[in-house]
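Source file: start24.txt (compact mmCIF, C-alpha atoms)
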# COMPACT_ATOMS: atom_id res chain seq x y z
CA MET A 1 12.96 -14.32 6.63
CA MET A 2 11.37 -16.40 3.89
CA VAL A 3 13.07 -17.26 0.60
CA TYR A 4 11.17 -15.99 -2.45
CA SER A 5 11.57 -16.51 -6.19
CA THR A 6 9.89 -13.38 -7.63
CA ILE A 7 10.70 -10.84 -4.92
CA THR A 8 13.32 -10.23 -2.28
CA SER A 9 12.71 -9.03 1.25
CA GLU A 10 15.09 -7.60 3.82
CA ILE A 11 14.75 -5.61 7.03
CA ILE A 12 17.05 -2.64 7.53
CA ASP A 13 16.69 -0.39 10.58
CA HIS A 14 13.09 -1.52 11.21
CA VAL A 15 12.10 -1.01 7.56
CA MET A 16 11.14 -3.97 5.36
CA ILE A 17 12.30 -3.44 1.79
CA VAL A 18 10.37 -5.58 -0.70
CA THR A 19 11.96 -5.64 -4.15
CA LEU A 20 10.12 -7.01 -7.17
CA ASN A 21 12.77 -9.29 -8.61
CA ARG A 22 12.11 -10.47 -12.13
CA PRO A 23 14.40 -8.03 -13.96
CA GLU A 24 14.64 -10.27 -17.01
CA ARG A 25 10.85 -9.75 -17.41
CA MET A 26 10.89 -6.08 -16.30
CA ASN A 27 9.45 -7.35 -12.98
CA ALA A 28 6.22 -8.36 -14.73
CA PHE A 29 3.45 -9.41 -12.36
CA ASN A 30 2.12 -12.96 -12.14
CA GLU A 31 0.23 -15.08 -9.62
CA LYS A 32 3.47 -16.22 -7.96
CA MET A 33 4.56 -12.62 -7.38
CA CYS A 34 1.11 -11.79 -6.01
CA ALA A 35 1.28 -14.67 -3.54
CA GLU A 36 4.82 -13.83 -2.46
CA MET A 37 4.06 -10.16 -1.95
CA ILE A 38 1.10 -11.10 0.24
CA LEU A 39 3.33 -13.42 2.27
CA ALA A 40 5.86 -10.61 2.73
CA PHE A 41 3.13 -8.25 3.93
CA ASP A 42 1.84 -10.94 6.29
CA GLU A 43 5.34 -11.16 7.69
CA ALA A 44 5.58 -7.38 8.02
CA ASP A 45 2.35 -7.28 10.03
CA ALA A 46 3.42 -10.15 12.29
CA ASN A 47 6.94 -8.83 12.93
CA ASP A 48 6.96 -5.97 15.42
CA ASP A 49 10.53 -5.16 14.40
CA VAL A 50 9.08 -3.89 11.12
CA ARG A 51 7.71 -0.37 11.43
CA ALA A 52 7.36 0.53 7.75
CA VAL A 53 7.55 -1.10 4.33
CA ILE A 54 9.12 0.08 1.08
CA VAL A 55 8.32 -1.57 -2.27
CA THR A 56 10.61 -1.04 -5.26
CA GLY A 57 11.79 -2.87 -8.36
CA SER A 58 15.07 -4.47 -9.39
CA GLY A 59 16.84 -3.35 -12.52
CA ALA A 60 15.49 -0.57 -14.70
CA SER A 61 11.77 -1.18 -14.13
CA TYR A 62 9.38 -1.04 -11.21
CA CYS A 63 6.80 -3.40 -12.72
CA ALA A 64 5.88 -3.62 -16.41
CA GLY A 65 2.40 -4.89 -15.60
CA MET A 66 0.88 -8.33 -16.03
CA ASP A 67 3.24 -10.88 -17.55
CA LEU A 68 2.03 -11.37 -21.13
CA GLU A 69 4.07 -14.51 -21.88
CA LYS A 70 0.80 -16.37 -22.64
CA GLY A 71 -0.01 -13.87 -25.34
CA ALA A 72 -3.68 -13.35 -26.19
CA GLU A 73 -4.64 -16.01 -23.64
CA THR A 74 -3.24 -14.00 -20.72
CA PHE A 75 -6.65 -12.87 -19.48
CA MET A 76 -8.65 -15.92 -20.60
CA ASP A 77 -9.48 -17.29 -17.18
CA HIS A 78 -11.86 -20.24 -17.04
CA THR A 79 -12.79 -19.84 -13.38
CA PRO A 80 -16.57 -19.45 -12.97
CA LEU A 81 -17.47 -15.77 -12.99
CA VAL A 82 -18.93 -15.83 -9.48
CA GLU A 83 -15.62 -17.18 -8.12
CA TYR A 84 -13.14 -15.13 -10.13
CA ARG A 85 -10.93 -12.64 -8.28
CA ASP A 86 -8.39 -10.54 -10.15
CA ALA A 87 -4.96 -11.06 -8.62
CA GLY A 88 -4.19 -7.36 -8.52
CA GLY A 89 -7.35 -6.76 -6.53
CA VAL A 90 -6.47 -9.48 -4.04
CA LEU A 91 -3.08 -7.83 -3.56
CA ALA A 92 -4.56 -4.32 -3.30
CA LEU A 93 -6.99 -5.43 -0.61
CA ARG A 94 -4.13 -6.99 1.37
CA ILE A 95 -2.17 -3.74 1.15
CA PHE A 96 -5.30 -1.84 2.22
CA GLU A 97 -5.48 -4.00 5.36
CA LEU A 98 -1.78 -3.59 6.19
CA LYS A 99 -0.99 -2.35 9.69
CA LYS A 100 2.30 -0.78 8.69
CA PRO A 101 2.73 2.35 6.52
CA ILE A 102 3.93 1.44 3.04
CA ILE A 103 5.91 3.50 0.54
CA ALA A 104 6.28 2.86 -3.18
CA ALA A 105 9.74 3.76 -4.50
CA ILE A 106 8.97 3.79 -8.23
CA ASN A 107 12.33 3.40 -9.92
CA GLY A 108 11.23 2.90 -13.52
CA ALA A 109 8.30 1.84 -15.68
CA ALA A 110 5.12 1.12 -13.68
CA VAL A 111 2.42 -0.03 -16.07
CA GLY A 112 -1.01 -1.59 -15.58
CA VAL A 113 -1.01 -3.52 -12.34
CA GLY A 114 2.51 -2.17 -11.85
CA ILE A 115 1.04 1.25 -11.07
CA THR A 116 -2.37 0.21 -9.68
CA MET A 117 -0.67 -1.91 -7.01
CA THR A 118 0.83 1.31 -5.63
CA LEU A 119 -2.53 3.07 -5.22
CA PRO A 120 -3.35 1.54 -1.80
CA MET A 121 0.17 2.37 -0.66
CA ASP A 122 0.42 5.47 1.51
CA ILE A 123 3.22 7.38 -0.18
CA ARG A 124 4.62 7.19 -3.72
CA ILE A 125 8.07 8.54 -4.57
CA ALA A 126 9.15 8.44 -8.20
CA SER A 127 12.52 8.55 -9.89
CA THR A 128 12.91 11.13 -12.62
CA GLU A 129 13.30 8.13 -14.93
CA ALA A 130 9.98 6.60 -13.91
CA LYS A 131 6.97 6.50 -16.20
CA MET A 132 3.47 5.23 -15.49
CA GLY A 133 0.61 3.98 -17.59
CA PHE A 134 -2.96 2.92 -16.92
CA VAL A 135 -2.93 1.15 -20.28
CA PHE A 136 -6.00 -1.09 -19.93
CA ALA A 137 -8.06 0.49 -22.73
CA ARG A 138 -5.12 0.07 -25.11
CA ARG A 139 -5.07 -3.66 -24.34
CA GLY A 140 -8.82 -4.12 -24.65
CA ILE A 141 -9.29 -4.88 -20.95
CA THR A 142 -10.48 -2.87 -17.97
CA MET A 143 -9.26 -1.46 -14.68
CA GLU A 144 -8.27 -3.84 -11.87
CA ALA A 145 -6.58 -3.92 -8.46
CA CYS A 146 -9.46 -1.90 -6.96
CA SER A 147 -8.24 1.09 -8.99
CA GLY A 148 -11.81 2.19 -9.69
CA TRP A 149 -12.02 2.96 -5.96
CA PHE A 150 -8.50 4.24 -5.31
CA LEU A 151 -7.54 6.29 -8.37
CA PRO A 152 -10.38 8.88 -8.41
CA ARG A 153 -9.94 9.40 -4.67
CA LEU A 154 -6.23 10.04 -5.08
CA VAL A 155 -6.15 12.26 -8.16
CA GLY A 156 -9.76 13.33 -8.76
CA MET A 157 -12.28 12.15 -11.33
CA GLY A 158 -11.07 14.41 -14.14
CA LYS A 159 -7.44 13.32 -14.07
CA ALA A 160 -8.36 9.68 -13.45
CA SER A 161 -10.68 9.74 -16.46
CA GLU A 162 -8.04 11.28 -18.71
CA TRP A 163 -5.41 8.72 -17.79
CA ILE A 164 -7.78 5.73 -17.93
CA TYR A 165 -9.64 6.62 -21.12
CA THR A 166 -6.50 7.43 -23.13
CA GLY A 167 -4.32 4.71 -21.62
CA ARG A 168 -1.27 6.80 -22.52
CA MET A 169 2.03 6.75 -20.66
CA ILE A 170 2.65 9.62 -18.27
CA SER A 171 5.93 11.04 -17.04
CA ALA A 172 7.03 11.34 -13.43
CA ASN A 173 6.48 15.10 -13.70
CA GLU A 174 2.90 14.67 -14.90
CA ALA A 175 2.25 12.12 -12.15
CA TYR A 176 3.52 14.62 -9.60
CA GLU A 177 1.45 17.47 -11.01
CA GLY A 178 -1.58 15.17 -10.97
CA ARG A 179 -1.00 14.31 -7.28
CA LEU A 180 -0.29 10.65 -8.00
CA VAL A 181 3.20 10.83 -6.50
CA ASN A 182 4.38 12.78 -3.47
CA LYS A 183 7.77 13.76 -4.82
CA ILE A 184 10.26 13.18 -7.64
CA VAL A 185 13.96 12.57 -7.01
CA GLY A 186 16.97 11.54 -9.03
CA PRO A 187 17.49 7.80 -9.57
CA ASP A 188 20.41 7.70 -7.14
CA GLU A 189 18.35 9.45 -4.47
CA LEU A 190 15.20 7.31 -4.65
CA MET A 191 15.83 4.74 -1.94
CA ALA A 192 17.43 7.30 0.35
CA ALA A 193 14.34 9.49 0.05
CA ALA A 194 12.04 6.55 0.79
CA MET A 195 14.21 5.42 3.71
CA GLU A 196 14.24 8.93 5.19
CA ILE A 197 10.47 8.92 5.51
CA ALA A 198 10.29 5.29 6.66
CA SER A 199 13.03 5.82 9.25
CA ASP A 200 11.34 8.92 10.62
CA ILE A 201 8.23 6.81 11.21
CA ALA A 202 10.21 3.91 12.67
CA GLN A 203 12.25 6.01 15.08
CA ASN A 204 9.80 8.62 16.30
CA THR A 205 6.26 7.28 16.38
CA SER A 206 4.03 4.82 18.17
CA SER A 207 3.34 1.73 16.08
CA VAL A 208 -0.22 1.44 17.38
CA SER A 209 -0.91 5.12 16.72
CA VAL A 210 0.31 4.87 13.13
CA THR A 211 -1.69 1.71 12.48
CA LEU A 212 -4.90 3.24 13.78
CA SER A 213 -4.35 6.47 11.85
CA ARG A 214 -3.57 4.59 8.63
CA GLN A 215 -6.73 2.53 8.82
CA LEU A 216 -8.81 5.54 9.84
CA MET A 217 -7.83 7.61 6.82
CA TRP A 218 -8.26 4.82 4.29
CA THR A 219 -11.60 3.60 5.60
CA MET A 220 -13.01 7.10 5.98
CA LEU A 221 -12.50 7.80 2.28
CA GLY A 222 -15.74 5.90 1.77
CA ALA A 223 -17.68 7.38 4.68
CA ASN A 224 -20.93 9.18 3.99
CA HIS A 225 -20.51 11.92 6.60
CA PRO A 226 -17.68 13.34 8.75
CA VAL A 227 -19.50 12.10 11.84
CA GLU A 228 -18.38 8.59 10.88
CA SER A 229 -14.77 9.67 11.37
CA HIS A 230 -15.72 11.48 14.57
CA LYS A 231 -17.17 8.27 16.01
CA ILE A 232 -13.99 6.28 15.36
CA GLU A 233 -11.65 9.09 16.37
CA SER A 234 -13.48 9.46 19.68
CA LYS A 235 -13.05 5.75 20.40
CA MET A 236 -9.40 5.86 19.40
CA LEU A 237 -8.57 8.93 21.48
CA HIS A 238 -10.47 7.62 24.51
CA TRP A 239 -8.62 4.29 24.30
CA THR A 240 -5.10 5.49 23.39
CA GLY A 241 -5.20 8.19 26.05
CA LYS A 242 -5.17 5.49 28.72
CA GLN A 243 -2.37 3.43 27.19
CA ALA A 244 1.35 3.26 27.95
CA ASP A 245 2.39 4.83 24.65
CA ALA A 246 0.43 8.01 25.36
CA GLN A 247 2.04 8.31 28.77
CA GLU A 248 5.48 7.73 27.27
CA GLY A 249 4.92 10.19 24.42
CA ILE A 250 3.85 12.99 26.74
CA GLU A 251 6.60 12.35 29.29
CA ALA A 252 9.24 12.22 26.55
CA PHE A 253 8.04 15.55 25.17
CA LEU A 254 8.05 17.22 28.58
CA GLU A 255 11.47 15.77 29.41
CA LYS A 256 12.84 16.78 25.99
CA ARG A 257 14.00 13.26 25.07
CA SER A 258 13.21 10.68 22.43
CA ALA A 259 10.20 8.52 23.18
CA ASP A 260 10.59 4.78 23.68
CA PHE A 261 7.24 3.36 22.61
CA LYS A 262 6.67 -0.25 23.69
CA MET A 263 3.20 -1.11 22.41
CA LYS A 264 2.95 -3.52 19.47
CA SER A 265 0.55 -3.35 16.56
CA SER A 266 0.53 -7.16 16.40
CA THR A 267 -0.90 -7.65 19.90
CA ASP A 268 -1.86 -4.33 21.49
CA MET A 269 -4.69 -3.06 19.31
CA PRO A 270 -7.96 -1.84 20.85
CA PRO A 271 -10.97 -4.17 21.12
CA PHE A 272 -12.93 -2.15 18.53
CA TYR A 273 -10.26 -2.69 15.84
CA PRO A 274 -10.92 -3.39 13.05
CA TRP A 275 -14.08 -1.29 12.84
CA SER A 276 -14.84 -1.86 9.16
CA THR A 277 -18.08 -3.26 7.80
CA ASP A 278 -18.51 -6.59 6.02
CA ARG A 279 -15.93 -6.89 3.24
CA THR A 280 -16.57 -10.46 2.14
CA TYR A 281 -16.56 -11.11 -1.58
CA GLU A 282 -19.61 -12.67 -3.22
CA SER A 283 -17.96 -16.08 -3.59
CA ASP A 284 -16.91 -16.02 0.08
CA LYS A 285 -20.55 -16.06 1.20
CA LYS A 286 -21.27 -19.57 -0.01

Can you present the structure in this file as structure tokens?
Amino acid sequence: MMVYSTITSEIIDHVMIVTLNRPERMNAFNEKMCAEMILAFDEADANDDVRAVIVTGSGASYCAGMDLEKGAETFMDHTPLVEYRDAGGVLALRIFELKKPIIAAINGAAVGVGITMTLPMDIRIASTEAKMGFVFARRGITMEACSGWFLPRLVGMGKASEWIYTGRMISANEAYEGRLVNKIVGPDELMAAAMEIASDIAQNTSSVSVTLSRQLMWTMLGANHPVESHKIESKMLHWTGKQADAQEGIEAFLEKRSADFKMKSSTDMPPFYPWSTDRTYESDKK
């Protein structure tokens, strides 16, 4: 395990728990945190002992958004426009590519990039003390972290527009009613609720199956026709049906025992994975 300065990372029962760890700054996001989170996710993908990831915050906050210690100069970046990449977007794209399912355990305030970083995560569980805010318009800036793609798909255009245009803070209850979070639990129950889901995945499913299903659902959100999903699903089913995990899963079911899946998402993926189209950024094409 690597040693980090803005996050912590530990593996418990095949679940990597990544904790944003700048409590003195309400876990405010900066480039160092972005880089360290990406390193942790790289480690999660490379380590077959990790079957799921949970991201939470230390102290009373999840993430208060971009660190504003530079004041009005916070967003004054002098990188040439054609080369500029917003850090939240770089992180969101890495999460999007993750092979392991990832759960946000939102323990407190999640504001700006603090909430948009959770959008490419698969499941969001919020404490009753959590609050969220897409506050960009109230800071005179705009959406980031690929939230223009993720947020309307998750909550619908109407709710996304309301939250983005007003920039107001929303409660955990409103986030749940708006389909932003899967469930709300008491503060003392948050990590247990996240671990229950993560452990169910870790103990009872095929790593390769989960990886393929995760990437299928995310990439198909942008498909033009259901036949695009049919094409990939047909390839996946044809390939997985011949693999050891399918044999083990069926035999375990018939023998009424727990399955012991051996295939690894780090090395045992099908030859047609990944199936996505060109995702290079403009500056990458030089």

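All protein, DNA and RNA residues at most 10 Å from (13.1, -5.0, -14.6) are A:Leu20, A:Asn21, A:Arg22, A:Pro23, A:Glu24, A:Arg25, A:Met26, A:Asn27, A:Ala28, A:Gly57, A:Ser58, A:Gly59, A:Ala60, A:Ser61, A:Tyr62, A:Cys63, A:Ala64, A:Asn107, A:Gly108, A:Ala109, using only C-alpha atoms.
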
Generate a file of the selected residues that holds C-alpha atoms, formatted as a PDB file, keeping the file's coordinate frame.
ATOM      1  CA  LEU A  20      10.120  -7.010  -7.170  1.00  0.00           C
ATOM      2  CA  ASN A  21      12.770  -9.290  -8.610  1.00  0.00           C
ATOM      3  CA  ARG A  22      12.110 -10.470 -12.130  1.00  0.00           C
ATOM      4  CA  PRO A  23      14.400  -8.030 -13.960  1.00  0.00           C
ATOM      5  CA  GLU A  24      14.640 -10.270 -17.010  1.00  0.00           C
ATOM      6  CA  ARG A  25      10.850  -9.750 -17.410  1.00  0.00           C
ATOM      7  CA  MET A  26      10.890  -6.080 -16.300  1.00  0.00           C
ATOM      8  CA  ASN A  27       9.450  -7.350 -12.980  1.00  0.00           C
ATOM      9  CA  ALA A  28       6.220  -8.360 -14.730  1.00  0.00           C
ATOM     10  CA  GLY A  57      11.790  -2.870  -8.360  1.00  0.00           C
ATOM     11  CA  SER A  58      15.070  -4.470  -9.390  1.00  0.00           C
ATOM     12  CA  GLY A  59      16.840  -3.350 -12.520  1.00  0.00           C
ATOM     13  CA  ALA A  60      15.490  -0.570 -14.700  1.00  0.00           C
ATOM     14  CA  SER A  61      11.770  -1.180 -14.130  1.00  0.00           C
ATOM     15  CA  TYR A  62       9.380  -1.040 -11.210  1.00  0.00           C
ATOM     16  CA  CYS A  63       6.800  -3.400 -12.720  1.00  0.00           C
ATOM     17  CA  ALA A  64       5.880  -3.620 -16.410  1.00  0.00           C
ATOM     18  CA  ASN A 107      12.330   3.400  -9.920  1.00  0.00           C
ATOM     19  CA  GLY A 108      11.230   2.900 -13.520  1.00  0.00           C
ATOM     20  CA  ALA A 109       8.300   1.840 -15.680  1.00  0.00           C
TER      21      ALA A 109
END

Original post:
Interatomic distance between CA of Ile123 (chain A) and CA of Met263 (chain A)?
Top reply: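 The value is 24.1 Å.
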
Residues of region 21-40 of chain A at most 12 Å from region 92-98 of chain A: nearest atom pair and distance in Å, only C-alpha atoms, as a Markdown table:
| residue | atom | partner | partner_atom | distance |
| --- | --- | --- | --- | --- |
| A:Cys34 | CA | A:Ala92 | CA | 9.8 |
| A:Ala35 | CA | A:Arg94 | CA | 10.6 |
| A:Glu36 | CA | A:Arg94 | CA | 11.9 |
| A:Met37 | CA | A:Arg94 | CA | 9.4 |
| A:Ile38 | CA | A:Arg94 | CA | 6.7 |
| A:Leu39 | CA | A:Arg94 | CA | 9.9 |
| A:Ala40 | CA | A:Ile95 | CA | 10.7 |

**OP:** Can you pull out every residue within 10 Å of Val50 (chain A), counting only C-alpha atoms, but drop anything in the same chain fewer than 4 positions away, and send it as a PyMOL selection string?
**Re:** chain A and resi 11-17+43-46+100+202+207

Original post:
Between CA of Ala110 (chain A) and CA of Met66 (chain A), what is the distance, to one decimal in Å?
Top reply: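 Those two atoms sit 10.6 Å apart.
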
**OP:** Calculate how many Å separate CA of Lys242 (chain A) from CA of Asn224 (chain A), rounding to one decimal.
**Re:** 29.6 Å

Original post:
Do you know which residues are at most 8 Å from Val155 (chain A) counting all atoms listed in the file, after dropping those on the same chain fewer than 2 positions away, and could you put them as a PyMOL selection string?
Top reply: chain A and resi 151-153+157+159-160+178-180

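Take the candidates A:Ile103, A:Asn30, A:Ser127, A:Ile141 and check each one against Leu91 (chain A) using all atoms listed in the file; the shortest distance goes to A:Asn30.
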
Taking all listed atoms of region 116-127 of chain A, build the axis-aligned box, pad each of the six sides by 8 Å, then write its centre and edge lengths in Å to one decimal as AutoDock Vina command-line options.
--center_x 4.6 --center_y 3.3 --center_z -4.2 --size_x 31.9 --size_y 26.5 --size_z 27.4

Original post:
Of the residues A:Val185, A:Val111, A:Met269, A:Met217, which is the one nearest to Arg168 (chain A), using all atoms listed in the file?
Top reply: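 Among the listed residues, A:Val111 lies closest to Arg168 (chain A).
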
Regenerate region 224-246 of chain A at the level of N, CA, C and O atoms and dump it as a PDB file, keeping the file's coordinate frame.
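part-v5.pdb, freshly written:
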ATOM      1  N   ASN A 224     -19.891   8.309   4.530  1.00  0.00           N
ATOM      2  CA  ASN A 224     -20.930   9.180   3.990  1.00  0.00           C
ATOM      3  C   ASN A 224     -20.988  10.552   4.658  1.00  0.00           C
ATOM      4  O   ASN A 224     -21.585  11.479   4.123  1.00  0.00           O
ATOM      5  N   HIS A 225     -20.398  10.665   5.848  1.00  0.00           N
ATOM      6  CA  HIS A 225     -20.510  11.920   6.600  1.00  0.00           C
ATOM      7  C   HIS A 225     -19.314  12.002   7.549  1.00  0.00           C
ATOM      8  O   HIS A 225     -18.834  10.969   8.050  1.00  0.00           O
ATOM      9  N   PRO A 226     -18.809  13.208   7.848  1.00  0.00           N
ATOM     10  CA  PRO A 226     -17.680  13.340   8.750  1.00  0.00           C
ATOM     11  C   PRO A 226     -17.940  12.789  10.147  1.00  0.00           C
ATOM     12  O   PRO A 226     -16.994  12.474  10.887  1.00  0.00           O
ATOM     13  N   VAL A 227     -19.202  12.650  10.524  1.00  0.00           N
ATOM     14  CA  VAL A 227     -19.500  12.100  11.840  1.00  0.00           C
ATOM     15  C   VAL A 227     -19.007  10.674  11.969  1.00  0.00           C
ATOM     16  O   VAL A 227     -18.702  10.218  13.082  1.00  0.00           O
ATOM     17  N   GLU A 228     -18.892   9.955  10.831  1.00  0.00           N
ATOM     18  CA  GLU A 228     -18.380   8.590  10.880  1.00  0.00           C
ATOM     19  C   GLU A 228     -16.928   8.586  11.356  1.00  0.00           C
ATOM     20  O   GLU A 228     -16.513   7.723  12.134  1.00  0.00           O
ATOM     21  N   SER A 229     -16.152   9.550  10.894  1.00  0.00           N
ATOM     22  CA  SER A 229     -14.770   9.670  11.370  1.00  0.00           C
ATOM     23  C   SER A 229     -14.742  10.109  12.829  1.00  0.00           C
ATOM     24  O   SER A 229     -13.931   9.620  13.631  1.00  0.00           O
ATOM     25  N   HIS A 230     -15.637  11.005  13.182  1.00  0.00           N
ATOM     26  CA  HIS A 230     -15.720  11.480  14.570  1.00  0.00           C
ATOM     27  C   HIS A 230     -15.976  10.317  15.532  1.00  0.00           C
ATOM     28  O   HIS A 230     -15.378  10.246  16.617  1.00  0.00           O
ATOM     29  N   LYS A 231     -16.840   9.409  15.136  1.00  0.00           N
ATOM     30  CA  LYS A 231     -17.170   8.270  16.010  1.00  0.00           C
ATOM     31  C   LYS A 231     -15.921   7.422  16.275  1.00  0.00           C
ATOM     32  O   LYS A 231     -15.648   7.045  17.418  1.00  0.00           O
ATOM     33  N   ILE A 232     -15.182   7.114  15.203  1.00  0.00           N
ATOM     34  CA  ILE A 232     -13.990   6.280  15.360  1.00  0.00           C
ATOM     35  C   ILE A 232     -12.887   7.043  16.083  1.00  0.00           C
ATOM     36  O   ILE A 232     -12.212   6.503  16.969  1.00  0.00           O
ATOM     37  N   GLU A 233     -12.685   8.290  15.722  1.00  0.00           N
ATOM     38  CA  GLU A 233     -11.650   9.090  16.370  1.00  0.00           C
ATOM     39  C   GLU A 233     -11.907   9.204  17.873  1.00  0.00           C
ATOM     40  O   GLU A 233     -10.958   9.176  18.682  1.00  0.00           O
ATOM     41  N   SER A 234     -13.155   9.351  18.262  1.00  0.00           N
ATOM     42  CA  SER A 234     -13.480   9.460  19.680  1.00  0.00           C
ATOM     43  C   SER A 234     -13.114   8.175  20.418  1.00  0.00           C
ATOM     44  O   SER A 234     -12.547   8.210  21.511  1.00  0.00           O
ATOM     45  N   LYS A 235     -13.428   7.035  19.789  1.00  0.00           N
ATOM     46  CA  LYS A 235     -13.050   5.750  20.400  1.00  0.00           C
ATOM     47  C   LYS A 235     -11.539   5.626  20.502  1.00  0.00           C
ATOM     48  O   LYS A 235     -11.000   5.195  21.530  1.00  0.00           O
ATOM     49  N   MET A 236     -10.848   6.000  19.419  1.00  0.00           N
ATOM     50  CA  MET A 236      -9.400   5.860  19.400  1.00  0.00           C
ATOM     51  C   MET A 236      -8.750   6.749  20.461  1.00  0.00           C
ATOM     52  O   MET A 236      -7.849   6.316  21.189  1.00  0.00           O
ATOM     53  N   LEU A 237      -9.184   8.002  20.530  1.00  0.00           N
ATOM     54  CA  LEU A 237      -8.570   8.930  21.480  1.00  0.00           C
ATOM     55  C   LEU A 237      -8.870   8.518  22.918  1.00  0.00           C
ATOM     56  O   LEU A 237      -7.992   8.582  23.796  1.00  0.00           O
ATOM     57  N   HIS A 238     -10.094   8.073  23.170  1.00  0.00           N
ATOM     58  CA  HIS A 238     -10.470   7.620  24.510  1.00  0.00           C
ATOM     59  C   HIS A 238      -9.613   6.438  24.923  1.00  0.00           C
ATOM     60  O   HIS A 238      -9.144   6.358  26.078  1.00  0.00           O
ATOM     61  N   TRP A 239      -9.385   5.509  23.976  1.00  0.00           N
ATOM     62  CA  TRP A 239      -8.620   4.290  24.300  1.00  0.00           C
ATOM     63  C   TRP A 239      -7.125   4.581  24.395  1.00  0.00           C
ATOM     64  O   TRP A 239      -6.469   4.185  25.366  1.00  0.00           O
ATOM     65  N   THR A 240      -6.550   5.262  23.387  1.00  0.00           N
ATOM     66  CA  THR A 240      -5.100   5.490  23.390  1.00  0.00           C
ATOM     67  C   THR A 240      -4.674   6.376  24.543  1.00  0.00           C
ATOM     68  O   THR A 240      -3.575   6.232  25.080  1.00  0.00           O
ATOM     69  N   GLY A 241      -5.558   7.296  24.958  1.00  0.00           N
ATOM     70  CA  GLY A 241      -5.200   8.190  26.050  1.00  0.00           C
ATOM     71  C   GLY A 241      -4.913   7.493  27.356  1.00  0.00           C
ATOM     72  O   GLY A 241      -4.238   8.054  28.233  1.00  0.00           O
ATOM     73  N   LYS A 242      -5.389   6.259  27.495  1.00  0.00           N
ATOM     74  CA  LYS A 242      -5.170   5.490  28.720  1.00  0.00           C
ATOM     75  C   LYS A 242      -4.030   4.485  28.600  1.00  0.00           C
ATOM     76  O   LYS A 242      -3.745   3.762  29.560  1.00  0.00           O
ATOM     77  N   GLN A 243      -3.380   4.451  27.437  1.00  0.00           N
ATOM     78  CA  GLN A 243      -2.370   3.430  27.190  1.00  0.00           C
ATOM     79  C   GLN A 243      -0.954   3.937  27.495  1.00  0.00           C
ATOM     80  O   GLN A 243      -0.698   5.133  27.604  1.00  0.00           O
ATOM     81  N   ALA A 244      -0.034   2.962  27.581  1.00  0.00           N
ATOM     82  CA  ALA A 244       1.350   3.260  27.950  1.00  0.00           C
ATOM     83  C   ALA A 244       2.041   4.166  26.937  1.00  0.00           C
ATOM     84  O   ALA A 244       2.865   5.013  27.312  1.00  0.00           O
ATOM     85  N   ASP A 245       1.722   4.008  25.656  1.00  0.00           N
ATOM     86  CA  ASP A 245       2.390   4.830  24.650  1.00  0.00           C
ATOM     87  C   ASP A 245       2.049   6.305  24.793  1.00  0.00           C
ATOM     88  O   ASP A 245       2.897   7.184  24.562  1.00  0.00           O
ATOM     89  N   ALA A 246       0.809   6.611  25.160  1.00  0.00           N
ATOM     90  CA  ALA A 246       0.430   8.010  25.360  1.00  0.00           C
ATOM     91  C   ALA A 246       1.187   8.607  26.541  1.00  0.00           C
ATOM     92  O   ALA A 246       1.681   9.745  26.476  1.00  0.00           O
TER      93      ALA A 246
END
